[in-house]
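Asks: Below you will find the structure I want to go over with you.
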Amino acid sequence: VHTITQAEVDAGVVNNSATASAFPPSGPVATSPPDSTSTPLVATPLLTLVKASTTTAITAVGQSVPYTYQVTNAGSVSISAIAVTDDRIASVNCPPAVLAPGASLICTGTYTVTQADLDAGGVTNLASATGTPAQGTLAPATATLTIASNAAPALTVDKTAGVPSGNTAGSTIAYSFLVTNTGNVTLTGLLITDPQLDAAARCAATTLAPAATTTCTGIHTITQAEVDAGVVNNSATASGTPPTGPAVTSPPDT
């Protein structure tokens with residue numbers, strides 16, 4: 001009986017040569033000519049890949065997300081030149097190593113969060129591990145990981161009244177509304193709710209990225225009741241729709 005070695009598995013064959021010898025009643029030992037055998041071994045190269053991150057949620061543009069990639073030789077032959085690629089990361093670092101069957105190594109990479117990731121509700125990365133087996137053909141190992149975003153849509157509106165065109169009923173006041181996206185996702189369909197405007201407010205932009213601002217304008221015609229009261233009180237809110245979920249409304253500004 002011969003116990004197969006890893007070197008023989010990697011070579012794909014067990015080469016073995018033997019002779020027989022015996023002692024005759026007299027004279028020198030008699031030895032046979034050698035006889036050799038070559039027993040082929042079937043290679044089963046196989047890698048597995050496990051992708052993980054210590055980040056549980058993405059919250060801001062520019063956030064760094066660290067990833068680890070555990071590559072394991074789950075086959076029968078040694079594998080060298082291990083490399084990992086990730087469809088969202090330019091470069092994944094793997095230590096140079098030859099993986100014996102059952103052995104593992106850890107590769108690392110870092111991803112920087114974009115506004116598109118936050119608006120999409122998270123980031124999904126597809127990774128692939130490859131290597132060079134001592135024998136046989138190795139299929140890439142793949143792994144996918146999704147990290148959800150913590151969306152926090154929010155708006156503010158700052159309302160400013162212009163100088164009235166007069167102090168009688170029928171005079172007008174021009175209003176401007178400075179709207180700011182104070183959340184972390186892009187808002188669309190921006191509109192101003194102000195029941196006292198003569199017509200819907202017009203906004204320079206109706207889509208706002210986080211931290212972006214736009215100005216809306218509207219006109220109010222003064223009523224006799226307001227002239228009698230000596231003041232025009234007007235309150236407005238701004239609203240917009242995030243990529244997912246219901247519309248968000250700002251606190252009112254008067």
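Chain labels follow the order of the structure tokens: the first chain is A, the next B, and so on; residue numbering restarts at 1 in every chain, and ligands are counted from 1 in their shown order.
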Excluding range 59-70 of chain A and residues on its chain fewer than 3 positions from it, collect all residues at most 6 Å away from it, counting only C-alpha atoms, and give them as a list of chain:residue names.
Replies: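 Selected residues are A:Leu49, A:Val50, A:Lys51, A:Ala52, A:Ser53, A:Leu105, A:Ile106, A:Cys107, A:Thr108, A:Gly109, A:Thr110, A:Tyr111, A:Thr112, A:Val113, A:Thr114, A:Gln115, A:Ser149, A:Asn150.
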Asks: Give the helix (DSSP H, G or I) residues of range 14-253 of chain A, as DSSP finds them on the backbone, and put them as a ChimeraX atom specification.
Replies: /A:115-120,224-229
Asks: With only C-alpha atoms as the atoms that count, which of A:Asn181, A:Gln196, A:Thr156, A:Thr5 lies nearest to Pro242 in chain A?
Replies: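 Under the stated criterion, the closest residue is A:Asn181.
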Asks: Nearest to Val71 in chain A among A:Leu191, A:Ala143, A:Leu138, A:Ala22, with distances taken over only C-alpha atoms: which residue is it?
Replies: A:Ala143
Asks: Can you list, as a VMD selection string, every protein, DNA or RNA residue that comes within 12 Å of range 250-254 of chain A when you count only C-alpha atoms, leaving out same-chain residues fewer than 2 positions away?
Replies: chain A and resid 153 to 161 175 to 183 190 to 194 196 232 to 241 247 to 248
Asks: Would you write out those residues with N, CA and C atoms, as a tab-separated table (two decimals), in the first residue's frame?
Replies:
chain	number	residue	atom	x	y	z
A	153	PRO	N	-34.58	61.34	4.08
A	153	PRO	CA	-35.00	62.50	3.28
A	153	PRO	C	-35.51	63.63	4.18
A	154	ALA	N	-35.15	64.86	3.82
A	154	ALA	CA	-35.60	66.02	4.61
A	154	ALA	C	-35.48	67.28	3.78
A	155	LEU	N	-36.36	68.26	4.06
A	155	LEU	CA	-36.37	69.54	3.37
A	155	LEU	C	-36.57	70.66	4.37
A	156	THR	N	-36.06	71.84	4.01
A	156	THR	CA	-36.43	73.05	4.74
A	156	THR	C	-36.84	74.10	3.71
A	157	VAL	N	-37.68	75.05	4.15
A	157	VAL	CA	-38.06	76.17	3.28
A	157	VAL	C	-37.94	77.45	4.09
A	158	ASP	N	-37.36	78.45	3.46
A	158	ASP	CA	-37.21	79.77	4.08
A	158	ASP	C	-37.96	80.76	3.20
A	159	LYS	N	-39.06	81.27	3.73
A	159	LYS	CA	-39.96	82.13	2.96
A	159	LYS	C	-39.67	83.59	3.24
A	160	THR	N	-39.59	84.35	2.16
A	160	THR	CA	-39.32	85.79	2.29
A	160	THR	C	-40.38	86.58	1.52
A	161	ALA	N	-40.91	87.64	2.16
A	161	ALA	CA	-41.91	88.50	1.50
A	161	ALA	C	-41.24	89.75	0.96
A	175	TYR	N	-43.48	86.72	-3.14
A	175	TYR	CA	-42.81	85.87	-2.17
A	175	TYR	C	-41.73	85.05	-2.86
A	176	SER	N	-40.62	84.81	-2.14
A	176	SER	CA	-39.60	83.86	-2.60
A	176	SER	C	-39.44	82.79	-1.53
A	177	PHE	N	-39.14	81.59	-1.99
A	177	PHE	CA	-39.04	80.42	-1.11
A	177	PHE	C	-37.70	79.75	-1.39
A	178	LEU	N	-36.78	79.82	-0.44
A	178	LEU	CA	-35.49	79.16	-0.57
A	178	LEU	C	-35.63	77.74	0.00
A	179	VAL	N	-35.54	76.75	-0.87
A	179	VAL	CA	-35.73	75.36	-0.47
A	179	VAL	C	-34.38	74.66	-0.45
A	180	THR	N	-34.09	73.95	0.63
A	180	THR	CA	-32.83	73.23	0.79
A	180	THR	C	-33.09	71.76	1.07
A	181	ASN	N	-32.38	70.89	0.36
A	181	ASN	CA	-32.43	69.45	0.64
A	181	ASN	C	-31.47	69.17	1.78
A	182	THR	N	-32.01	68.96	2.97
A	182	THR	CA	-31.18	68.71	4.15
A	182	THR	C	-31.03	67.22	4.46
A	183	GLY	N	-31.53	66.36	3.56
A	183	GLY	CA	-31.42	64.92	3.77
A	183	GLY	C	-30.21	64.34	3.05
A	190	LEU	N	-40.30	68.55	-6.65
A	190	LEU	CA	-40.38	69.60	-5.63
A	190	LEU	C	-41.55	70.53	-5.90
A	191	LEU	N	-42.31	70.83	-4.84
A	191	LEU	CA	-43.39	71.81	-4.98
A	191	LEU	C	-43.60	72.56	-3.67
A	192	ILE	N	-44.16	73.75	-3.81
A	192	ILE	CA	-44.48	74.62	-2.67
A	192	ILE	C	-45.98	74.56	-2.43
A	193	THR	N	-46.35	74.37	-1.16
A	193	THR	CA	-47.76	74.43	-0.78
A	193	THR	C	-48.00	75.73	-0.02
A	194	ASP	N	-48.73	76.62	-0.67
A	194	ASP	CA	-49.05	77.91	-0.07
A	194	ASP	C	-50.45	78.29	-0.57
A	196	GLN	N	-52.33	80.69	-0.12
A	196	GLN	CA	-52.63	82.10	-0.36
A	196	GLN	C	-52.03	82.65	-1.65
A	232	VAL	N	-50.45	90.84	6.65
A	232	VAL	CA	-50.66	89.65	5.82
A	232	VAL	C	-49.82	88.53	6.41
A	233	ASN	N	-50.47	87.53	6.98
A	233	ASN	CA	-49.78	86.36	7.51
A	233	ASN	C	-49.87	85.23	6.49
A	234	ASN	N	-48.74	84.65	6.18
A	234	ASN	CA	-48.70	83.63	5.15
A	234	ASN	C	-47.73	82.53	5.55
A	235	SER	N	-48.17	81.29	5.45
A	235	SER	CA	-47.34	80.15	5.82
A	235	SER	C	-47.24	79.20	4.63
A	236	ALA	N	-46.05	78.61	4.44
A	236	ALA	CA	-45.83	77.71	3.32
A	236	ALA	C	-44.97	76.53	3.73
A	237	THR	N	-45.10	75.43	2.99
A	237	THR	CA	-44.24	74.27	3.16
A	237	THR	C	-43.71	73.85	1.79
A	238	ALA	N	-42.62	73.12	1.82
A	238	ALA	CA	-42.06	72.53	0.60
A	238	ALA	C	-42.12	71.02	0.74
A	239	SER	N	-42.31	70.33	-0.38
A	239	SER	CA	-42.33	68.87	-0.34
A	239	SER	C	-41.62	68.32	-1.57
A	240	GLY	N	-41.11	67.10	-1.44
A	240	GLY	CA	-40.43	66.41	-2.53
A	240	GLY	C	-40.50	64.92	-2.32
A	241	THR	N	-40.21	64.18	-3.37
A	241	THR	CA	-40.34	62.72	-3.33
A	241	THR	C	-38.96	62.07	-3.36
A	247	ALA	N	-43.59	60.95	-0.07
A	247	ALA	CA	-43.03	62.30	-0.15
A	247	ALA	C	-42.73	62.83	1.24
A	248	VAL	N	-41.74	63.72	1.32
A	248	VAL	CA	-41.35	64.34	2.56
A	248	VAL	C	-41.71	65.82	2.50
Asks: Can you pull out every residue within 6 Å of Ser171 in chain A, counting only C-alpha atoms, but drop anything in the same chain fewer than 5 positions away, and send it as a PyMOL selection string?
Replies: chain A and resi 165-166+221-222
Asks: The selected residues should be written to file as a PDB file, in the first residue's frame (atoms: C-alpha atoms).
Replies:
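And here's result_38.pdb as it stands now:
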ATOM      1  CA  SER A 165     -47.022  96.984  -4.251  1.00  0.00           C
ATOM      2  CA  GLY A 166     -49.512  98.985  -2.164  1.00  0.00           C
ATOM      3  CA  THR A 221     -53.040  89.510  -3.911  1.00  0.00           C
ATOM      4  CA  ILE A 222     -53.887  91.399  -0.720  1.00  0.00           C
TER       5      ILE A 222
END
